[in-house]
Amino acid sequence: MGQLEGKVALVTGGTTGIGLAVASRFATEGATVYLTGRRKTALDAAVEAVGAGTVGVQSDVSNLDDLDHLFATIKERSGRLDVVVANAGIADLARLGEITEEHYDRTFDINVKGTVFTVQKALPLLPDGASVIVLASTNASMGIEGMSVYSATKAADRNLARTWAAELAGRGIRVNAISPGPIETPGIRGLGASAQGEPQLADSLAAVIPLGRLGHADEVAAAAVFLASEESSFTTGAELFVDGGLVQV
Ligand SMILES: NC(=O)c1ccc[n+]([C@@H]2O[C@H](COP(=O)([O-])OP(=O)(O)OC[C@H]3O[C@@H](n4cnc5c(N)ncnc54)[C@H](O)[C@@H]3O)[C@@H](O)[C@H]2O)c1
């Protein structure tokens, strides 16, 4: 029997990287998984990869109408939501002096506004015992050049999780953050691609990770299973680092 047997879970931005790994692992553990993404073709491919019983809902986390449609669909089909993983996020490089309004607005819209309204709109569907997981980042605790705006959004996400843990404890809902270090995903490789001619940021970060390598999306998914399941029943308001020792060692 899987650790999430019978549970209904939502993973936003579940078409690639960490979100896809979390959705796949949740399905293996017996959950019914709703996953979201903005592009239909990518979403259809992810739903097929995750397997039978998975439901894809095309939606942009920064669009409140899309979120209303998403939660109306979940309510109609499942009637409740046991696990929410606010995963959708973007990262682009911009040093101070290069930050445009477009970069700032887009990063905050998806990474902070998207998280706030995903969890707020999920709230009526969350039963006693539900688990909310917010994807923050080791960037919230570090000063990585070129990543100030992204890191500020992740520091916001980390605090959202802590504050919501306090606000929702009385309802028996746990809220935790996962802070991955550099994980091998399309997202982090895209970062290197935008810094023309320079060594990939991911590779230079790997060199300073105590365990000596980038992490794998499956390793983040394993942490998400723990936080989603009753194995973590006394854990709320925590920030679980999955970072090869980057921040703490
Ligand atoms: N990869 C890493 O090293 C790393 C490290 C720390 C934190 N994180 C965080 O983990 C999460 C996932 O990152 P990843 O590396 O897997 O990224 P990724 O780019 O590989 O995947 C992000 C997913 O979010 C989706 N997405 C983006 N904007 C969206 C929107 N507006 N609405 C719906 N979906 C949207 C993308 O389509 C994609 O499926 C992000 O929140 C990221 O900040 C990643």
# chains A, B, ... in the order shown; residues from 1 in each chain; ligands from 1
>>> residues_around(residues="Leu123 (chain A)", least_positions_apart="6", cutoff="10 Å", atoms="only C-alpha atoms", output="JSON, numbers by chain")
{"A": [71, 80, 81, 84, 117, 130, 132, 168, 173]}
>>> write_last_selection(atoms="C-alpha atoms", output="PDB file, in the first residue's frame")
ATOM      1  CA  PHE A  71     -10.559  24.471  -8.072  1.00  0.00           C
ATOM      2  CA  ARG A  80     -11.769  17.739  -1.535  1.00  0.00           C
ATOM      3  CA  LEU A  81      -8.010  18.199  -1.691  1.00  0.00           C
ATOM      4  CA  VAL A  84      -1.407  21.007  -2.290  1.00  0.00           C
ATOM      5  CA  PHE A 117      -3.843  32.528  -4.545  1.00  0.00           C
ATOM      6  CA  ALA A 130      -4.455  18.262   4.823  1.00  0.00           C
ATOM      7  CA  VAL A 132       0.312  22.172   2.020  1.00  0.00           C
ATOM      8  CA  LEU A 168      -4.035  26.906   9.743  1.00  0.00           C
ATOM      9  CA  ILE A 173      -3.761  21.685   8.301  1.00  0.00           C
TER      10      ILE A 173
END
>>> closest_atom_pairs(of="chain A", to="ligand 1", cutoff="6 Å", atoms="only C-alpha atoms and all ligand atoms", output="Markdown table")
| residue | atom | partner | partner_atom_place_in_ligand_line | distance |
| --- | --- | --- | --- | --- |
| A:Thr12 | CA | ligand 1 | 34 (N) | 5.9 |
| A:Gly13 | CA | ligand 1 | 24 (O) | 3.5 |
| A:Gly14 | CA | ligand 1 | 39 (O) | 5.0 |
| A:Thr15 | CA | ligand 1 | 39 (O) | 4.1 |
| A:Thr16 | CA | ligand 1 | 39 (O) | 4.3 |
| A:Gly17 | CA | ligand 1 | 16 (O) | 3.5 |
| A:Ile18 | CA | ligand 1 | 16 (O) | 3.7 |
| A:Gly19 | CA | ligand 1 | 16 (O) | 5.6 |
| A:Gly37 | CA | ligand 1 | 34 (N) | 4.3 |
| A:Arg38 | CA | ligand 1 | 33 (C) | 5.2 |
| A:Ser59 | CA | ligand 1 | 33 (C) | 5.9 |
| A:Asp60 | CA | ligand 1 | 32 (N) | 3.4 |
| A:Val61 | CA | ligand 1 | 32 (N) | 4.0 |
| A:Ser62 | CA | ligand 1 | 31 (N) | 5.3 |
| A:Asn87 | CA | ligand 1 | 41 (O) | 4.6 |
| A:Ala88 | CA | ligand 1 | 24 (O) | 3.7 |
| A:Gly89 | CA | ligand 1 | 41 (O) | 3.7 |
| A:Ile90 | CA | ligand 1 | 27 (C) | 5.4 |
| A:Ile110 | CA | ligand 1 | 31 (N) | 5.0 |
| A:Leu135 | CA | ligand 1 | 41 (O) | 5.1 |
| A:Ala136 | CA | ligand 1 | 7 (C) | 5.6 |
| A:Ser137 | CA | ligand 1 | 6 (C) | 4.0 |
| A:Ser179 | CA | ligand 1 | 6 (C) | 5.9 |
| A:Pro180 | CA | ligand 1 | 6 (C) | 4.3 |
| A:Gly181 | CA | ligand 1 | 5 (C) | 4.9 |
| A:Pro182 | CA | ligand 1 | 3 (O) | 3.4 |
| A:Ile183 | CA | ligand 1 | 3 (O) | 3.6 |
| A:Glu184 | CA | ligand 1 | 1 (N) | 5.9 |
| A:Thr185 | CA | ligand 1 | 20 (O) | 4.8 |
| A:Pro186 | CA | ligand 1 | 20 (O) | 4.2 |
| A:Gly187 | CA | ligand 1 | 19 (O) | 3.3 |
| A:Ile188 | CA | ligand 1 | 1 (N) | 4.9 |
>>> residues_around(residues="region 47-57 of chain A", least_positions_apart="5", cutoff="12 Å", atoms="only C-alpha atoms", output="CSV table (one decimal) with C-alpha atoms, in the first residue's frame")
chain,number,residue,atom,x,y,z
A,6,GLY,CA,-6.7,7.5,-1.4
A,8,VAL,CA,-6.2,13.7,-3.6
A,9,ALA,CA,-3.3,15.9,-4.5
A,10,LEU,CA,-2.6,19.0,-6.6
A,11,VAL,CA,0.8,19.9,-8.1
A,12,THR,CA,1.0,23.2,-9.9
A,13,GLY,CA,3.5,23.5,-12.7
A,14,GLY,CA,3.6,19.7,-12.9
A,15,THR,CA,4.7,19.3,-16.6
A,16,THR,CA,8.5,19.3,-16.1
A,19,GLY,CA,6.7,19.2,-10.3
A,20,LEU,CA,6.6,16.3,-12.7
A,21,ALA,CA,8.8,14.2,-10.4
A,22,VAL,CA,6.5,15.0,-7.4
A,23,ALA,CA,3.3,14.2,-9.4
A,24,SER,CA,4.8,10.9,-10.6
A,25,ARG,CA,5.9,9.8,-7.2
A,26,PHE,CA,2.5,10.8,-5.6
A,27,ALA,CA,0.7,8.7,-8.2
A,28,THR,CA,3.0,5.8,-7.5
A,29,GLU,CA,2.2,6.2,-3.8
A,30,GLY,CA,-1.5,5.9,-4.6
A,31,ALA,CA,-2.7,9.5,-4.8
A,32,THR,CA,-5.1,10.9,-7.4
A,33,VAL,CA,-3.1,13.7,-8.9
A,34,TYR,CA,-4.2,16.9,-10.5
A,35,LEU,CA,-1.5,18.7,-12.3
A,36,THR,CA,-1.4,22.1,-14.0
A,37,GLY,CA,0.6,23.8,-16.7
A,38,ARG,CA,0.1,26.6,-19.1
A,39,ARG,CA,0.6,24.7,-22.4
A,40,LYS,CA,-1.8,22.0,-23.4
A,41,THR,CA,0.7,19.8,-25.3
A,42,ALA,CA,3.1,19.7,-22.4
A,66,ASP,CA,-7.7,30.0,-14.3
A,67,LEU,CA,-7.3,29.2,-10.6
A,68,ASP,CA,-11.1,29.4,-10.1
A,69,HIS,CA,-11.6,27.0,-13.0
A,70,LEU,CA,-9.0,24.7,-11.5
A,71,PHE,CA,-10.6,24.5,-8.1
A,72,ALA,CA,-14.1,24.2,-9.5
A,73,THR,CA,-12.8,21.2,-11.5
A,74,ILE,CA,-11.3,19.6,-8.4
A,77,ARG,CA,-14.5,15.6,-9.6
A,78,SER,CA,-13.1,14.9,-6.1
>>> atom_distance(atom1="CA of Ser151 (chain A)", atom2="CA of Thr138 (chain A)")
8.4 Å
>>> closest_residue(among="A:Ala206, A:Val119, A:Ala86, A:Leu191", to="Lys154 (chain A)", atoms="only C-alpha atoms")
A:Ala86
>>> closest_residue(among="A:Val242, A:Val83, A:Val112, A:Val247", to="Ala222 (chain A)", atoms="only C-alpha atoms")
A:Val242
